[in-house]
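entry.txt follows; it contains compact mmCIF, C-alpha atoms.
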# COMPACT_ATOMS: atom_id res chain seq x y z
CA MET A 1 83.09 98.78 100.64
CA GLY A 2 81.26 97.52 97.56
CA TRP A 3 82.71 96.51 94.23
CA PHE A 4 79.81 97.76 92.11
CA LYS A 5 81.10 99.90 89.24
CA ARG A 6 79.24 102.73 87.57
CA LEU A 7 80.88 105.18 85.20
CA LYS A 8 78.51 108.00 84.32
CA ASP A 9 79.03 111.75 84.09
CA GLY A 10 82.44 111.37 85.70
CA ILE A 11 81.03 110.02 88.99
CA ILE A 12 82.95 107.00 90.25
CA THR A 13 81.73 104.57 92.91
CA SER A 14 84.43 101.91 92.78
CA THR A 15 88.20 101.68 93.00
CA LYS A 16 88.23 101.70 89.21
CA ASP A 17 90.44 98.59 89.46
CA LYS A 18 93.46 100.89 89.84
CA LYS A 19 95.14 99.81 93.03
CA GLU A 20 98.47 98.75 94.42
CA ALA A 21 97.12 96.36 97.05
CA PRO A 22 97.84 92.66 96.40
CA ASP A 23 95.49 90.45 94.39
CA GLY A 24 94.73 86.77 94.90
CA LEU A 25 93.56 84.95 98.04
CA TRP A 26 96.51 85.40 100.38
CA TYR A 27 98.88 88.17 101.35
CA LYS A 28 102.24 87.61 103.04
CA CYS A 29 103.27 90.67 105.01
CA SER A 30 106.67 92.04 104.02
CA ASN A 31 107.12 93.31 107.59
CA CYS A 32 106.13 90.46 109.92
CA LYS A 33 106.12 87.69 107.24
CA GLU A 34 102.75 86.42 108.48
CA ALA A 35 100.04 85.39 106.01
CA SER A 36 96.52 86.82 105.94
CA THR A 37 93.63 86.52 103.53
CA ILE A 38 93.10 89.38 101.09
CA LYS A 39 89.63 89.78 102.61
CA GLU A 40 91.18 90.36 106.04
CA VAL A 41 93.65 92.86 104.60
CA LYS A 42 90.91 94.87 102.89
CA GLU A 43 88.75 94.84 106.01
CA SER A 44 91.78 96.18 107.91
CA PHE A 45 92.02 99.24 105.62
CA HIS A 46 94.74 97.61 103.50
CA LYS A 47 96.93 96.98 106.54
CA CYS A 48 98.43 93.76 107.85
CA PRO A 49 95.92 92.37 110.40
CA LYS A 50 98.81 90.88 112.39
CA CYS A 51 101.24 93.81 112.77
CA ASN A 52 99.33 96.84 111.43
CA TYR A 53 101.88 97.37 108.65
CA HIS A 54 100.47 99.88 106.16
CA ILE A 55 100.58 98.26 102.72
CA ARG A 56 101.16 100.61 99.80
CA ILE A 57 97.88 101.35 98.08
CA GLY A 58 96.90 103.42 95.08
CA SER A 59 95.10 106.72 94.65
CA PHE A 60 91.65 105.23 94.03
CA ASP A 61 91.95 103.10 97.18
CA TYR A 62 92.55 106.31 99.13
CA TYR A 63 89.53 107.93 97.50
CA ASP A 64 87.40 105.00 98.66
CA LEU A 65 88.77 105.36 102.19
CA ILE A 66 88.39 109.13 102.40
CA PHE A 67 85.29 110.23 100.52
CA ASP A 68 81.67 109.72 101.53
CA GLY A 69 80.74 107.10 98.97
CA LYS A 70 81.30 108.81 95.64
CA PHE A 71 83.68 111.23 93.98
CA GLU A 72 84.41 112.82 90.62
CA GLU A 73 87.77 112.45 88.91
CA LEU A 74 89.18 115.73 87.59
CA PHE A 75 91.46 116.27 84.59
CA PRO A 76 91.57 112.57 83.52
CA ASP A 77 92.65 113.40 79.97
CA LEU A 78 95.96 114.97 81.02
CA ILE A 79 98.65 112.35 80.29
CA SER A 80 102.44 112.29 79.86
CA THR A 81 104.10 112.23 76.45
CA ASP A 82 107.69 111.76 75.33
CA PHE A 83 108.18 115.35 74.20
CA LEU A 84 112.00 115.16 74.58
CA LYS A 85 112.27 111.82 72.71
CA PHE A 86 114.28 110.61 75.69
CA SER A 87 115.91 107.17 75.72
CA ASP A 88 118.09 105.35 78.24
CA LEU A 89 117.83 101.56 78.36
CA LYS A 90 114.57 101.96 76.45
CA PRO A 91 112.66 104.93 74.97
CA TYR A 92 110.52 106.94 77.39
CA ASP A 93 107.39 106.41 75.32
CA GLU A 94 107.85 102.64 75.72
CA ARG A 95 108.17 103.08 79.50
CA LEU A 96 104.96 105.10 79.55
CA ALA A 97 103.11 102.47 77.51
CA ALA A 98 104.40 99.68 79.77
CA ALA A 99 103.36 101.57 82.89
CA LYS A 100 99.87 102.15 81.51
CA ASN A 101 99.47 98.50 80.56
CA LYS A 102 100.76 97.30 83.93
CA THR A 103 98.75 99.61 86.16
CA GLY A 104 95.69 100.62 84.17
CA LEU A 105 96.57 104.22 85.08
CA ASP A 106 97.24 107.10 82.75
CA ASP A 107 99.87 108.78 84.92
CA SER A 108 101.45 108.84 88.38
CA MET A 109 98.87 111.27 89.80
CA SER A 110 95.10 111.55 89.70
CA VAL A 111 92.83 114.22 91.16
CA ALA A 112 89.32 113.83 92.55
CA VAL A 113 86.71 115.93 94.32
CA GLY A 114 84.21 114.60 96.80
CA LYS A 115 82.79 115.14 100.26
CA ILE A 116 83.80 114.16 103.78
CA ASN A 117 81.03 114.60 106.34
CA LYS A 118 79.23 116.70 103.69
CA ARG A 119 82.22 119.07 103.32
CA SER A 120 83.93 119.30 99.93
CA LEU A 121 87.58 118.38 99.46
CA VAL A 122 89.87 118.06 96.44
CA VAL A 123 92.41 115.25 96.74
CA ALA A 124 95.44 114.84 94.45
CA ALA A 125 96.97 111.40 95.02
CA MET A 126 99.97 109.56 93.60
CA ASP A 127 100.39 105.94 92.53
CA PHE A 128 103.83 104.46 93.18
CA THR A 129 103.30 101.64 90.67
CA PHE A 130 103.34 104.17 87.81
CA ILE A 131 107.10 104.80 87.31
CA GLY A 132 107.65 105.11 91.05
CA GLY A 133 105.08 107.87 91.50
CA SER A 134 107.60 110.13 89.80
CA MET A 135 106.98 113.85 89.40
CA GLY A 136 106.74 114.91 85.78
CA SER A 137 105.15 117.79 83.95
CA VAL A 138 101.68 116.20 84.13
CA MET A 139 101.85 115.87 87.91
CA GLY A 140 102.84 119.52 88.21
CA GLU A 141 100.07 120.62 85.85
CA LYS A 142 97.43 118.53 87.62
CA ILE A 143 98.40 120.09 90.95
CA ALA A 144 98.30 123.57 89.38
CA MET A 145 94.87 122.90 87.86
CA ALA A 146 93.62 121.42 91.15
CA ILE A 147 94.72 124.60 92.95
CA ASP A 148 92.91 126.80 90.42
CA TYR A 149 89.82 124.60 90.87
CA CYS A 150 90.05 125.00 94.67
CA ILE A 151 90.51 128.78 94.50
CA GLU A 152 87.58 129.21 92.12
CA ARG A 153 85.24 127.11 94.27
CA LYS A 154 86.80 127.84 97.71
CA ILE A 155 87.44 124.14 98.42
CA PRO A 156 90.37 122.87 100.57
CA LEU A 157 93.13 120.83 98.90
CA MET A 158 94.81 117.64 100.08
CA ILE A 159 97.80 116.04 98.34
CA ILE A 160 98.70 112.42 99.10
CA SER A 161 102.39 111.98 98.32
CA LYS A 162 103.94 108.62 97.46
CA SER A 163 106.90 109.20 95.18
CA GLY A 164 110.48 108.32 94.36
CA GLY A 165 111.08 111.93 93.27
CA ALA A 166 111.53 113.71 89.95
CA ARG A 167 111.03 111.83 86.67
CA MET A 168 114.47 111.83 85.08
CA MET A 169 113.04 111.08 81.62
CA GLU A 170 111.65 114.61 81.53
CA SER A 171 114.95 116.19 82.56
CA ALA A 172 114.76 119.84 83.68
CA PHE A 173 111.01 119.96 82.92
CA SER A 174 110.50 117.63 85.88
CA LEU A 175 112.59 119.82 88.21
CA MET A 176 110.63 122.89 87.11
CA GLN A 177 107.54 121.37 88.74
CA MET A 178 109.07 122.02 92.18
CA ALA A 179 108.98 125.79 91.65
CA LYS A 180 105.70 125.67 89.74
CA THR A 181 103.77 123.80 92.43
CA SER A 182 105.29 125.87 95.23
CA ALA A 183 104.30 129.11 93.49
CA LYS A 184 100.76 127.85 92.91
CA LEU A 185 100.46 126.89 96.58
CA SER A 186 101.34 130.45 97.53
CA GLN A 187 98.31 131.55 95.50
CA LEU A 188 96.16 129.07 97.42
CA ALA A 189 97.49 130.48 100.71
CA LYS A 190 96.77 134.07 99.64
CA ALA A 191 93.21 133.01 98.85
CA GLY A 192 92.91 131.74 102.43
CA ILE A 193 92.20 128.15 101.40
CA PRO A 194 93.77 125.35 103.49
CA TYR A 195 96.19 122.79 102.08
CA PHE A 196 96.72 119.43 103.81
CA SER A 197 99.84 117.44 102.90
CA PHE A 198 99.60 113.72 103.63
CA LEU A 199 102.92 111.88 103.29
CA THR A 200 102.90 108.11 102.75
CA ASP A 201 105.58 105.49 102.13
CA PRO A 202 107.77 106.53 100.41
CA THR A 203 107.90 110.32 99.95
CA THR A 204 111.32 111.30 98.64
CA GLY A 205 113.29 113.50 96.25
CA GLY A 206 111.89 116.62 94.63
CA VAL A 207 108.39 115.93 95.93
CA THR A 208 109.66 116.17 99.52
CA ALA A 209 111.71 119.24 98.58
CA SER A 210 108.65 121.11 97.30
CA PHE A 211 104.92 120.75 97.82
CA ALA A 212 104.97 117.76 100.20
CA MET A 213 106.45 119.88 103.00
CA LEU A 214 104.44 123.05 102.34
CA GLY A 215 101.11 122.10 103.88
CA ASP A 216 99.23 124.15 106.42
CA VAL A 217 99.18 120.76 108.10
CA ASN A 218 101.78 118.09 107.29
CA PHE A 219 100.95 114.58 108.48
CA ALA A 220 101.91 111.02 107.60
CA GLU A 221 101.12 107.34 107.92
CA PRO A 222 103.04 105.27 110.50
CA GLU A 223 106.55 104.15 109.53
CA ALA A 224 106.48 106.03 106.22
CA LEU A 225 109.88 106.67 104.63
CA ILE A 226 110.17 110.44 104.18
CA GLY A 227 113.29 112.28 103.02
CA PHE A 228 115.13 113.91 100.16
CA ALA A 229 118.00 111.52 99.41
CA GLY A 230 118.15 107.88 100.48
CA PRO A 231 119.96 106.77 103.64
CA ARG A 232 122.82 105.18 101.69
CA VAL A 233 123.50 108.37 99.71
CA ILE A 234 123.42 110.51 102.86
CA LYS A 235 125.75 108.18 104.74
CA GLU A 236 128.26 108.15 101.89
CA THR A 237 128.10 111.95 101.67
CA ILE A 238 128.53 112.88 105.34
CA LYS A 239 130.67 109.83 106.22
CA LYS A 240 128.77 109.24 109.46
CA ASP A 241 126.43 106.61 110.83
CA LEU A 242 122.79 107.71 110.80
CA PRO A 243 120.31 107.53 113.72
CA GLU A 244 118.03 104.51 113.71
CA GLY A 245 114.89 105.21 111.68
CA PHE A 246 115.88 108.82 111.05
CA GLN A 247 113.80 109.05 107.86
CA ARG A 248 110.69 107.42 109.26
CA SER A 249 107.60 109.43 110.10
CA GLU A 250 107.98 108.85 113.87
CA PHE A 251 111.47 110.41 113.84
CA LEU A 252 110.25 113.34 111.75
CA LEU A 253 107.32 113.93 114.11
CA GLU A 254 109.70 113.98 117.09
CA HIS A 255 111.89 116.57 115.34
CA GLY A 256 109.11 118.89 114.23
CA PHE A 257 108.80 118.07 110.54
CA LEU A 258 105.29 116.61 110.94
CA ASP A 259 102.22 117.75 112.86
CA PHE A 260 100.88 114.27 113.57
CA ILE A 261 100.79 110.65 112.39
CA VAL A 262 97.48 109.02 111.52
CA ASP A 263 96.59 105.35 111.25
CA ARG A 264 94.80 104.60 107.99
CA LYS A 265 91.66 103.44 109.78
CA ASP A 266 91.34 106.91 111.33
CA LEU A 267 92.15 108.86 108.15
CA ARG A 268 88.61 109.83 107.11
CA ASN A 269 87.69 111.05 110.59
CA LYS A 270 90.96 112.96 110.99
CA VAL A 271 90.60 114.75 107.65
CA GLY A 272 86.97 115.46 108.51
CA ASP A 273 88.15 117.05 111.78
CA LEU A 274 90.66 119.20 109.86
CA LEU A 275 87.94 120.41 107.50
CA THR A 276 85.73 121.31 110.46
CA PHE A 277 88.58 123.08 112.27
CA PHE A 278 89.71 125.14 109.29
CA GLN A 279 86.17 126.06 108.31
Here is the file; what I need is its structure written in the form of structure tokens.
Amino acid sequence: MGWFKRLKDGIITSTKDKKEAPDGLWYKCSNCKEASTIKEVKESFHKCPKCNYHIRIGSFDYYDLIFDGKFEELFPDLISTDFLKFSDLKPYDERLAAAKNKTGLDDSMSVAVGKINKRSLVVAAMDFTFIGGSMGSVMGEKIAMAIDYCIERKIPLMIISKSGGARMMESAFSLMQMAKTSAKLSQLAKAGIPYFSFLTDPTTGGVTASFAMLGDVNFAEPEALIGFAGPRVIKETIKKDLPEGFQRSEFLLEHGFLDFIVDRKDLRNKVGDLLTFFQ
């Protein structure tokens, strides 16, 4: 994977420096606590070389892993604004500005089109570092526009979910995206175009309760946290102890919520197989 950068006519050949993987020379795994060089981590598909723990990565890292060399970003000018003039501990517009400065991203979701084994695919991917990958009106609109793009060109859609849920700073407008995206996906289904939902750590809240669970194929990374409410909230609500790992992808696979789990190193080949199968 090269680090050469070329921005021309919307074609991107680098990670665009928008990633969640650690910087520096060394990485200490939050799972096994062992240290590895950043070079080793990147060569291991952004996983811990010692225990295979899947480190959270950003949308452009996934594009590099999935696509055959190059891709085109779609709808890059669609960004969130503080249309409600919302303020809690700080104004929403200040939170947006801080998130942009911190991450170099314009919002919590980006969309790209490229090829896998010479077959076209549109991928909409979230970045958890941008306000927890939260679902706001821009995320819903980007998914809707991606679906229209797929229907018009008869290209399959894949959404990579990594989200803490709805963006509270947009109030009911955020919750409306659940119905909006679900309705748009029904249009994609009627057009006979496949939709692959890839759930990564974490996928929670309104994202889980809408488009993340509506794929023709639903699959996840190992040990990904997937659920609606958090374990603590559920335990306090039902007043019962919860099964060990009940919101991890392995538990969900065992109970029929997922079709399969894929290691990140096998992701490109697996998605390529899906494209071949559905074609």
Show me, as AutoDock Vina command-line options, the centre and edge lengths in Å to one decimal of the axis-aligned box that covers every listed atom of range 51-61 of chain A with 8 Å on each side.
--center_x 96.8 --center_y 100.3 --center_z 103.4 --size_x 26.2 --size_y 28.9 --size_z 34.7
Compile the contact shell of range 84-90 of chain A as an MDAnalysis selection string: residues with an atom at most 9 Å away, counting only C-alpha atoms, same-chain residues fewer than 3 positions apart removed.
chainID A and resid 81 93:95 169:171
Take the residues from that selection and write them out as a PDB file, keeping the file's coordinate frame, keeping C-alpha atoms.
ATOM      1  CA  THR A  81     104.100 112.230  76.450  1.00  0.00           C
ATOM      2  CA  ASP A  93     107.390 106.410  75.320  1.00  0.00           C
ATOM      3  CA  GLU A  94     107.850 102.640  75.720  1.00  0.00           C
ATOM      4  CA  ARG A  95     108.170 103.080  79.500  1.00  0.00           C
ATOM      5  CA  MET A 169     113.040 111.080  81.620  1.00  0.00           C
ATOM      6  CA  GLU A 170     111.650 114.610  81.530  1.00  0.00           C
ATOM      7  CA  SER A 171     114.950 116.190  82.560  1.00  0.00           C
TER       8      SER A 171
END
Residue among A:Ala112, A:Leu188, A:Ala125, A:Ile57 lying closest to Glu73 in chain A, counting all atoms listed in the file
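Checking each candidate against Glu73 in chain A, we get A:Ala112 as the closest.
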Taking all atoms listed in the file into account, name the residue in A:Lys142, A:Ser59, A:Ala98, A:Asp148 that is nearest to Asp127 in chain A.
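Closest to Asp127 in chain A of all the choices is A:Ser59.
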Of the candidates A:Thr129, A:Ser186, A:Ser134, A:Ser161, which one gets nearest to Gly104 in chain A if we count all atoms listed in the file?
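So, comparing all the options, the nearest one is A:Thr129.
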Nearest candidate to Val122 in chain A (options A:Ala97, A:Ile143, A:Ile155, A:Cys29; using all atoms listed in the file):
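The closest residue to Val122 in chain A is A:Ile155.
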If I take CA of Met145 in chain A and CA of Val111 in chain A, how far is one from the other in Å, to one decimal?
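According to the coordinates, CA of Met145 in chain A and CA of Val111 in chain A are separated by 9.5 Å.
Residues having any atom no farther than 10 Å from (84.2, 117.1, 101.8) (counting all atoms listed in the file) are A:Ile66, A:Phe67, A:Asp68, A:Phe71, A:Val113, A:Gly114, A:Lys115, A:Ile116, A:Asn117, A:Lys118, A:Arg119, A:Ser120, A:Leu121, A:Val122, A:Val123, A:Ile155, A:Pro156, A:Val271, A:Gly272, A:Leu275, A:Thr276.
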Can you tell me how far CA of Ser36 in chain A sits from CA of Leu267 in chain A, in Å to one decimal?
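The value is 22.6 Å.
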Smallest atom-to-atom distance to Asp64 in chain A: which of A:Arg167, A:Lys184, A:Lys42, A:Lys240, using all atoms listed in the file?
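Under the stated criterion, the closest residue is A:Lys42.
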With a distance cut-off of 12 Å and all atoms listed in the file, select the neighbouring residues of Ser197 in chain A, excluding the residue or stretch itself and same-chain residues fewer than 2 positions from it, and output the selection as a compact mmCIF listing (two decimals) with C-alpha atoms, keeping the file's coordinate frame.
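Below is the file selection.txt, written as the result:
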# COMPACT_ATOMS: atom_id res chain seq x y z
CA VAL A 122 89.87 118.06 96.44
CA VAL A 123 92.41 115.25 96.74
CA ALA A 124 95.44 114.84 94.45
CA ALA A 125 96.97 111.40 95.02
CA PRO A 156 90.37 122.87 100.57
CA LEU A 157 93.13 120.83 98.90
CA MET A 158 94.81 117.64 100.08
CA ILE A 159 97.80 116.04 98.34
CA ILE A 160 98.70 112.42 99.10
CA SER A 161 102.39 111.98 98.32
CA LYS A 162 103.94 108.62 97.46
CA LEU A 185 100.46 126.89 96.58
CA PRO A 194 93.77 125.35 103.49
CA TYR A 195 96.19 122.79 102.08
CA LEU A 199 102.92 111.88 103.29
CA THR A 200 102.90 108.11 102.75
CA THR A 203 107.90 110.32 99.95
CA VAL A 207 108.39 115.93 95.93
CA THR A 208 109.66 116.17 99.52
CA SER A 210 108.65 121.11 97.30
CA PHE A 211 104.92 120.75 97.82
CA ALA A 212 104.97 117.76 100.20
CA MET A 213 106.45 119.88 103.00
CA LEU A 214 104.44 123.05 102.34
CA GLY A 215 101.11 122.10 103.88
CA ASP A 216 99.23 124.15 106.42
CA VAL A 217 99.18 120.76 108.10
CA ASN A 218 101.78 118.09 107.29
CA PHE A 219 100.95 114.58 108.48
CA ALA A 220 101.91 111.02 107.60
CA GLU A 221 101.12 107.34 107.92
CA PHE A 257 108.80 118.07 110.54
CA LEU A 258 105.29 116.61 110.94
CA ASP A 259 102.22 117.75 112.86
CA PHE A 260 100.88 114.27 113.57
CA ILE A 261 100.79 110.65 112.39
CA VAL A 271 90.60 114.75 107.65
CA LEU A 274 90.66 119.20 109.86
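As for CA of Ala144 in chain A and CA of Gln177 in chain A, they are spaced 9.5 Å apart.
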Calculated over all atoms listed in the file, which of the candidates A:Ala146, A:Cys51, A:Leu65, A:Val138 has the smallest distance to Asp77 in chain A?
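Among the listed residues, the smallest separation from Asp77 in chain A belongs to A:Val138.
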Taking (99.8, 114.4, 82.5) in the coordinates of the supplied file, I want to know which residues reach to within 9 Å of it, counting all atoms listed in the file; could you give the answer as a PyMOL selection string?
chain A and resi 75-81+106-109+136-142
May I have the residues within 10 Å of Gln187 in chain A as a VMD selection string, using all atoms listed in the file and disregarding those fewer than 4 positions away in the same chain?
chain A and resid 147 to 148 151 181 to 183 191 to 193
Ile55 in chain A: which residues within 12 Å, counting all atoms listed in the file, same-chain residues fewer than 5 positions away excluded, as a PyMOL selection string?
chain A and resi 19-22+27-32+38+41-42+44-49+61-62+128+200-202+221-224+263-264
